[in-house]
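The file upload-v4.cif contains mmCIF, C-alpha atoms:
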```
data_data
loop_
_atom_site.label_atom_id
_atom_site.label_comp_id
_atom_site.auth_asym_id
_atom_site.auth_seq_id
_atom_site.Cartn_x
_atom_site.Cartn_y
_atom_site.Cartn_z
CA MET A 1 89.29 77.05 92.97
CA ARG A 2 88.27 77.00 89.33
CA ARG A 3 84.54 77.71 89.24
CA ILE A 4 83.33 80.49 91.53
CA LEU A 5 79.85 81.80 92.25
CA LEU A 6 79.93 85.45 93.32
CA LYS A 7 76.94 86.91 95.16
CA LEU A 8 76.60 90.70 94.97
CA SER A 9 74.10 92.27 97.32
CA GLY A 10 71.73 94.78 95.77
CA GLU A 11 72.70 97.33 98.40
CA ALA A 12 76.37 96.93 97.45
CA LEU A 13 75.53 97.64 93.79
CA ALA A 14 73.93 100.92 94.84
CA GLY A 15 77.10 102.13 96.57
CA SER A 16 76.41 105.15 98.73
CA LYS A 17 73.15 105.87 96.89
CA ARG A 18 71.28 103.01 98.66
CA THR A 19 68.92 102.65 95.70
CA GLY A 20 69.47 102.11 91.98
CA PHE A 21 72.97 101.62 90.58
CA ASP A 22 76.34 103.18 91.27
CA GLU A 23 78.16 102.72 87.96
CA GLU A 24 81.62 103.31 89.41
CA THR A 25 81.06 100.51 91.95
CA VAL A 26 79.78 98.10 89.30
CA ARG A 27 82.58 98.97 86.88
CA ASN A 28 85.12 98.30 89.63
CA VAL A 29 83.54 94.86 90.15
CA ALA A 30 83.66 94.24 86.39
CA LEU A 31 87.37 95.10 86.13
CA GLN A 32 88.18 92.76 89.02
CA VAL A 33 86.14 89.91 87.54
CA LYS A 34 87.85 90.44 84.19
CA GLN A 35 91.22 89.84 85.84
CA LEU A 36 89.94 86.50 87.13
CA VAL A 37 88.36 85.49 83.82
CA ASP A 38 91.59 86.36 82.01
CA ASP A 39 93.42 84.10 84.48
CA GLY A 40 91.15 81.17 83.61
CA TYR A 41 88.57 81.24 86.39
CA GLU A 42 84.94 80.46 85.59
CA ILE A 43 82.69 83.05 87.21
CA GLY A 44 78.97 82.92 87.88
CA ILE A 45 77.15 85.92 89.34
CA VAL A 46 74.01 86.17 91.46
CA THR A 47 72.72 89.59 92.52
CA GLY A 48 70.29 90.55 95.23
CA GLY A 49 67.48 92.97 94.56
CA GLY A 50 67.58 95.12 97.69
CA ASN A 51 68.63 98.26 95.81
CA PHE A 52 65.13 98.22 94.26
CA TRP A 53 62.85 96.09 96.39
CA ARG A 54 62.74 94.10 99.58
CA GLY A 55 59.54 92.07 99.48
CA ARG A 56 59.45 91.18 103.16
CA SER A 57 59.37 94.84 104.14
CA SER A 58 55.98 95.32 102.48
CA GLU A 59 53.00 94.66 104.73
CA ASN A 60 50.32 95.64 102.22
CA ILE A 61 51.14 93.31 99.34
CA ASP A 62 50.56 89.60 99.09
CA ARG A 63 53.83 87.79 99.87
CA THR A 64 53.84 85.84 96.60
CA LYS A 65 53.43 89.03 94.56
CA ALA A 66 56.02 90.85 96.66
CA ASP A 67 58.53 88.08 96.06
CA GLN A 68 57.79 88.12 92.33
CA ILE A 69 58.64 91.83 92.26
CA GLY A 70 61.89 90.97 94.03
CA MET A 71 62.71 88.34 91.41
CA LEU A 72 62.24 90.92 88.67
CA ALA A 73 64.50 93.33 90.57
CA THR A 74 67.29 90.75 90.39
CA VAL A 75 66.69 90.36 86.65
CA MET A 76 67.09 94.12 86.17
CA ASN A 77 70.28 94.06 88.24
CA CYS A 78 71.79 91.17 86.29
CA ILE A 79 71.00 92.73 82.91
CA TYR A 80 72.57 96.02 84.00
CA VAL A 81 75.65 94.46 85.59
CA SER A 82 76.17 92.12 82.63
CA GLU A 83 76.18 95.10 80.27
CA ILE A 84 78.83 96.85 82.36
CA PHE A 85 80.83 93.62 82.23
CA ARG A 86 80.52 93.59 78.43
CA SER A 87 81.68 97.19 78.26
CA VAL A 88 85.06 96.20 79.75
CA GLY A 89 85.52 93.30 77.34
CA MET A 90 83.82 90.21 78.77
CA MET A 91 81.24 87.90 77.21
CA THR A 92 78.13 87.36 79.34
CA ASN A 93 74.76 85.65 79.40
CA VAL A 94 71.84 86.02 81.79
CA LEU A 95 69.88 82.91 82.77
CA THR A 96 66.54 82.88 84.58
CA PRO A 97 64.34 80.06 85.92
CA PHE A 98 61.35 81.56 84.08
CA THR A 99 60.87 82.95 80.58
CA CYS A 100 61.59 86.67 80.12
CA GLY A 101 61.04 86.93 76.39
CA SER A 102 64.28 87.79 74.63
CA PHE A 103 65.78 89.51 77.71
CA THR A 104 67.30 86.33 79.16
CA LYS A 105 67.68 82.64 78.44
CA LEU A 106 66.06 79.83 80.43
CA PHE A 107 68.34 78.25 83.03
CA SER A 108 69.64 74.72 82.69
CA LYS A 109 72.84 73.19 84.01
CA ASP A 110 73.86 72.13 80.50
CA ARG A 111 73.38 75.65 79.15
CA ALA A 112 75.36 77.17 82.02
CA ASN A 113 78.21 74.69 81.49
CA LYS A 114 78.25 75.48 77.76
CA TYR A 115 78.64 79.20 78.50
CA PHE A 116 81.35 78.56 81.11
CA ALA A 117 83.25 76.48 78.54
CA LYS A 118 83.14 79.46 76.17
CA GLY A 119 84.72 81.74 78.76
CA MET A 120 81.51 83.64 79.49
CA VAL A 121 80.47 85.13 82.82
CA VAL A 122 77.10 83.56 83.61
CA PHE A 123 74.49 85.60 85.49
CA PHE A 124 71.86 83.65 87.41
CA ALA A 125 68.89 85.99 87.83
CA GLY A 126 65.39 85.52 89.21
CA GLY A 127 66.32 83.58 92.34
CA THR A 128 64.85 80.09 92.44
CA GLY A 129 61.82 81.25 90.45
CA HIS A 130 59.52 80.61 93.41
CA PRO A 131 58.18 82.83 96.22
CA TYR A 132 59.30 82.31 99.82
CA PHE A 133 62.88 81.61 98.72
CA SER A 134 65.50 84.34 98.91
CA THR A 135 68.43 85.07 96.62
CA ASP A 136 70.55 83.50 99.39
CA THR A 137 68.87 80.19 98.66
CA GLY A 138 69.13 80.93 94.94
CA VAL A 139 72.90 81.37 95.05
CA VAL A 140 73.50 78.18 97.06
CA LEU A 141 71.14 76.23 94.80
CA ARG A 142 72.88 77.41 91.63
CA ALA A 143 76.33 76.81 93.15
CA VAL A 144 75.38 73.23 93.96
CA GLU A 145 73.74 72.66 90.58
CA VAL A 146 76.71 73.88 88.52
CA ASP A 147 79.34 72.26 90.79
CA ALA A 148 80.95 75.51 91.94
CA ASP A 149 83.99 75.21 94.19
CA VAL A 150 83.05 78.09 96.47
CA ILE A 151 80.52 80.88 96.96
CA LEU A 152 81.95 84.37 97.46
CA LEU A 153 79.54 86.62 99.34
CA ALA A 154 80.43 90.26 98.62
CA LYS A 155 78.61 92.39 101.17
CA SER A 156 78.58 95.89 102.58
CA ILE A 157 80.09 94.38 105.77
CA ASP A 158 83.57 92.83 105.85
CA GLY A 159 82.80 89.42 107.33
CA VAL A 160 80.74 87.45 109.84
CA TYR A 161 80.30 88.83 113.36
CA ASP A 162 78.76 87.39 116.52
CA ALA A 163 76.47 90.43 116.66
CA ASP A 164 75.50 93.32 114.41
CA PRO A 165 78.60 95.58 114.43
CA ALA A 166 76.44 98.57 113.56
CA LYS A 167 74.61 98.09 116.87
CA VAL A 168 77.28 96.40 118.99
CA PRO A 169 80.62 98.26 118.69
CA ASP A 170 82.66 95.44 120.27
CA ALA A 171 81.11 92.66 118.16
CA LYS A 172 83.59 89.87 117.43
CA LYS A 173 84.54 89.12 113.84
CA TYR A 174 85.19 85.51 112.89
CA ASP A 175 88.16 84.62 110.69
CA GLU A 176 86.63 81.18 110.20
CA VAL A 177 83.37 79.63 111.37
CA SER A 178 81.67 76.33 110.60
CA ILE A 179 78.30 76.22 108.89
CA GLU A 180 77.06 74.22 111.91
CA GLU A 181 77.90 77.14 114.21
CA VAL A 182 76.30 79.59 111.76
CA ILE A 183 73.08 77.55 111.95
CA ALA A 184 73.20 76.96 115.71
CA LYS A 185 73.84 80.63 116.53
CA ASN A 186 71.69 82.01 113.68
CA LEU A 187 74.58 84.22 112.54
CA GLN A 188 72.66 85.14 109.36
CA VAL A 189 75.49 84.76 106.87
CA VAL A 190 72.70 83.66 104.57
CA ASP A 191 69.17 82.75 105.57
CA MET A 192 68.43 79.47 107.33
CA THR A 193 67.18 77.63 104.24
CA ALA A 194 70.35 78.55 102.34
CA SER A 195 72.55 77.63 105.33
CA ILE A 196 71.07 74.15 105.57
CA LEU A 197 71.36 73.66 101.81
CA ALA A 198 75.03 74.68 101.97
CA ARG A 199 75.66 72.34 104.91
CA ASP A 200 73.95 69.35 103.31
CA ASN A 201 75.85 69.83 100.04
CA LYS A 202 79.18 70.83 101.60
CA MET A 203 79.33 74.17 99.84
CA PRO A 204 81.85 76.57 101.44
CA MET A 205 81.15 80.31 101.58
CA TRP A 206 83.61 83.16 101.94
CA VAL A 207 82.24 86.48 103.21
CA PHE A 208 84.04 89.77 102.58
CA GLY A 209 83.46 93.49 102.08
CA LEU A 210 82.87 94.52 98.48
CA ASN A 211 83.94 98.10 99.15
CA GLU A 212 87.48 97.18 100.18
CA GLU A 213 90.04 97.90 97.46
CA ASN A 214 90.46 95.02 94.98
CA SER A 215 88.54 92.80 97.39
CA ILE A 216 87.29 90.21 94.87
CA VAL A 217 90.70 89.57 93.31
CA ASN A 218 92.40 89.57 96.72
CA THR A 219 89.90 87.03 98.03
CA VAL A 220 90.54 84.63 95.17
CA LYS A 221 94.31 85.17 95.08
CA GLY A 222 94.92 84.49 98.77
CA LYS A 223 94.83 87.93 100.39
CA PHE A 224 91.56 87.19 102.15
CA THR A 225 90.53 89.35 105.11
CA GLY A 226 86.90 88.29 105.55
CA THR A 227 85.35 85.17 107.09
CA LYS A 228 85.52 81.61 105.74
CA VAL A 229 82.39 79.56 106.43
CA THR A 230 83.56 75.95 106.41
CA VAL A 231 81.49 72.77 105.84
#
```
Can you dump the structure from the file as structure tokens?
Amino acid sequence: MRRILLKLSGEALAGSKRTGFDEETVRNVALQVKQLVDDGYEIGIVTGGGNFWRGRSSENIDRTKADQIGMLATVMNCIYVSEIFRSVGMMTNVLTPFTCGSFTKLFSKDRANKYFAKGMVVFFAGGTGHPYFSTDTGVVLRAVEVDADVILLAKSIDGVYDADPAKVPDAKKYDEVSIEEVIAKNLQVVDMTASILARDNKMPMWVFGLNEENSIVNTVKGKFTGTKVTV
């Protein structure tokens, strides 16, 4: 692996607070990513927006508008997380698929590659820029576009299970599962659109728990305890 796209769920960024930011959690992520950047890895980041907004949970707002609010939530998350990254000594840039004034820069593959070449951590905010597509689809799309080697999905759960472990105590955890099985059994590693995009473009995904000690570095350096989704 050389170029990695790391997906951070919004809920994981909130830590135990469930909403907003938990700075200790984000700083821990930053320190781990810095180790990888210092070792020569190229890191892209996509964040969810669930610590601020989940558009599909709103029944009283037009879906397009709800999704637009969700896109802006991911922009806020990326700006915040990128600043924490800068505070520990990394260079960062935030790219969006739509103009946000001077807050971010407009996404293009060439621009992202230029930043990677300069040793920057590149944040991909705003999802795909379109309603009806989740940040799951956004992370797979960006990974494919920038030729990432793997997607790391850092979640509040430590892998992929055959049922919800919060509801089914004896749910089975997979060490490895194919993307075809994920799709066939609707295991919800990522949503169905993202799963099919990953399958068609042979993009592997590794799922692990963000809250485990040094989990990001361990995942990259071979001490992986989550689930590998193969293609």
Quick one: contact table of stretch 141-182 of chain A to stretch 203-214 of chain A, 10 Å max, nearest atom pair and distance in Å to one decimal per residue, counting all atoms listed in the file, chain and number order, as JSON lines?
```
{"residue": "A:Leu141", "atom": "CA", "partner": "A:Met203", "partner_atom": "CA", "distance": 9.8}
{"residue": "A:Ala143", "atom": "CA", "partner": "A:Met203", "partner_atom": "CA", "distance": 7.8}
{"residue": "A:Val144", "atom": "CA", "partner": "A:Met203", "partner_atom": "CA", "distance": 7.1}
{"residue": "A:Asp147", "atom": "CA", "partner": "A:Met203", "partner_atom": "CA", "distance": 9.2}
{"residue": "A:Ala148", "atom": "CA", "partner": "A:Met203", "partner_atom": "CA", "distance": 8.2}
{"residue": "A:Asp149", "atom": "CA", "partner": "A:Met203", "partner_atom": "CA", "distance": 7.4}
{"residue": "A:Val150", "atom": "CA", "partner": "A:Pro204", "partner_atom": "CA", "distance": 5.3}
{"residue": "A:Ile151", "atom": "CA", "partner": "A:Met205", "partner_atom": "CA", "distance": 4.7}
{"residue": "A:Leu152", "atom": "CA", "partner": "A:Trp206", "partner_atom": "CA", "distance": 4.9}
{"residue": "A:Leu153", "atom": "CA", "partner": "A:Val207", "partner_atom": "CA", "distance": 4.7}
{"residue": "A:Ala154", "atom": "CA", "partner": "A:Leu210", "partner_atom": "CA", "distance": 4.9}
{"residue": "A:Lys155", "atom": "CA", "partner": "A:Gly209", "partner_atom": "CA", "distance": 5.1}
{"residue": "A:Ser156", "atom": "CA", "partner": "A:Gly209", "partner_atom": "CA", "distance": 5.5}
{"residue": "A:Ile157", "atom": "CA", "partner": "A:Gly209", "partner_atom": "CA", "distance": 5.1}
{"residue": "A:Asp158", "atom": "CA", "partner": "A:Gly209", "partner_atom": "CA", "distance": 3.8}
{"residue": "A:Gly159", "atom": "CA", "partner": "A:Phe208", "partner_atom": "CA", "distance": 4.9}
{"residue": "A:Val160", "atom": "CA", "partner": "A:Val207", "partner_atom": "CA", "distance": 6.9}
{"residue": "A:Asp175", "atom": "CA", "partner": "A:Val207", "partner_atom": "CA", "distance": 9.7}
{"residue": "A:Glu176", "atom": "CA", "partner": "A:Trp206", "partner_atom": "CA", "distance": 9.0}
{"residue": "A:Ser178", "atom": "CA", "partner": "A:Pro204", "partner_atom": "CA", "distance": 9.2}
{"residue": "A:Ile179", "atom": "CA", "partner": "A:Pro204", "partner_atom": "CA", "distance": 8.3}
```
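Here the PyMOL selection byres ((chain A and resi 25) around 9) matches the residues Ala12, Leu13, Ala14, Gly15, Phe21, Asp22, Glu23, Glu24, Val26, Arg27, Asn28, Val29, Ala30 and Asn211 of chain A.
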Between atom CA of A:Gly49 and atom CA of A:Asp67, what is the distance in Å, rounded to a tenth?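 Rounded to one decimal, the two atoms are 10.3 Å apart.
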Gap from atom CA of A:Met192 to atom CA of A:Gly138 - Å, one decimal: 12.5 Å
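Considering the residues A:Ser134, A:Ser82, A:Thr227, A:Thr193 and counting all atoms listed in the file, A:Val33 has its shortest atom-to-atom contact with A:Ser82.
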What is the distance, in Å and to one decimal place, between atom CA of A:Gln32 and atom CA of A:Met90?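 Those two atoms sit 11.4 Å apart.
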Near A:Gly40, counting only C-alpha atoms, which residues have an atom at most 8 Å away, once you skip same-chain residues fewer than 3 positions from it, shown as a count of residues only? 3
With a distance cut-off of 12 Å and all atoms listed in the file, select the neighbouring residues of A:Glu180, excluding the residue or stretch itself and same-chain residues fewer than 5 positions from it, and output the selection as a short mmCIF file (atom, residue, chain, number, x, y, z; two decimals) with C-alpha atoms, keeping the file's coordinate frame.
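Below is the file that was written, result36.cif:
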```
data_model
loop_
_atom_site.label_atom_id
_atom_site.label_comp_id
_atom_site.auth_asym_id
_atom_site.auth_seq_id
_atom_site.Cartn_x
_atom_site.Cartn_y
_atom_site.Cartn_z
CA LYS A 185 73.84 80.63 116.53
CA ASN A 186 71.69 82.01 113.68
CA LEU A 187 74.58 84.22 112.54
CA VAL A 189 75.49 84.76 106.87
CA MET A 192 68.43 79.47 107.33
CA SER A 195 72.55 77.63 105.33
CA ILE A 196 71.07 74.15 105.57
CA LEU A 197 71.36 73.66 101.81
CA ALA A 198 75.03 74.68 101.97
CA ARG A 199 75.66 72.34 104.91
CA ASP A 200 73.95 69.35 103.31
CA LYS A 202 79.18 70.83 101.60
CA PRO A 204 81.85 76.57 101.44
CA VAL A 229 82.39 79.56 106.43
CA THR A 230 83.56 75.95 106.41
CA VAL A 231 81.49 72.77 105.84
#
```
What does the PyMOL selection byres ((chain A and resi 163) around 12) select in this file, as JSON, numbers by chain? {"A": [159, 160, 161, 162, 164, 165, 166, 167, 168, 169, 170, 171, 172, 173, 174, 182, 185, 186, 187, 188, 189]}
With only C-alpha atoms as the counted atoms, please give the residues lying no more than 10 Å from A:Gly48, apart from itself and same-chain residues fewer than 3 positions off, as a PyMOL selection string. chain A and resi 7-13+51-54+70-71+73-75+77-78+125-127+134-136+138-139
Write out as a PyMOL selection string which residues come within 10 Å of A:Gly89 when counting only C-alpha atoms, dropping same-chain ones fewer than 5 positions away. chain A and resi 30-31+34+83-84
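The environment of A:Ile45 within 7 Å, counting only C-alpha atoms and disregarding residues fewer than 3 places along the same chain, consists of A:Leu5, A:Leu6, A:Lys7, A:Val122, A:Phe123, A:Phe124.
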Ranking A:Ala194, A:Val177, A:Ala184, A:Tyr132 by minimum distance to A:Gln68 and counting all atoms listed in the file, which one comes first?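 Of A:Ala194, A:Val177, A:Ala184, A:Tyr132, the one nearest A:Gln68, counting all atoms listed in the file, is A:Tyr132.
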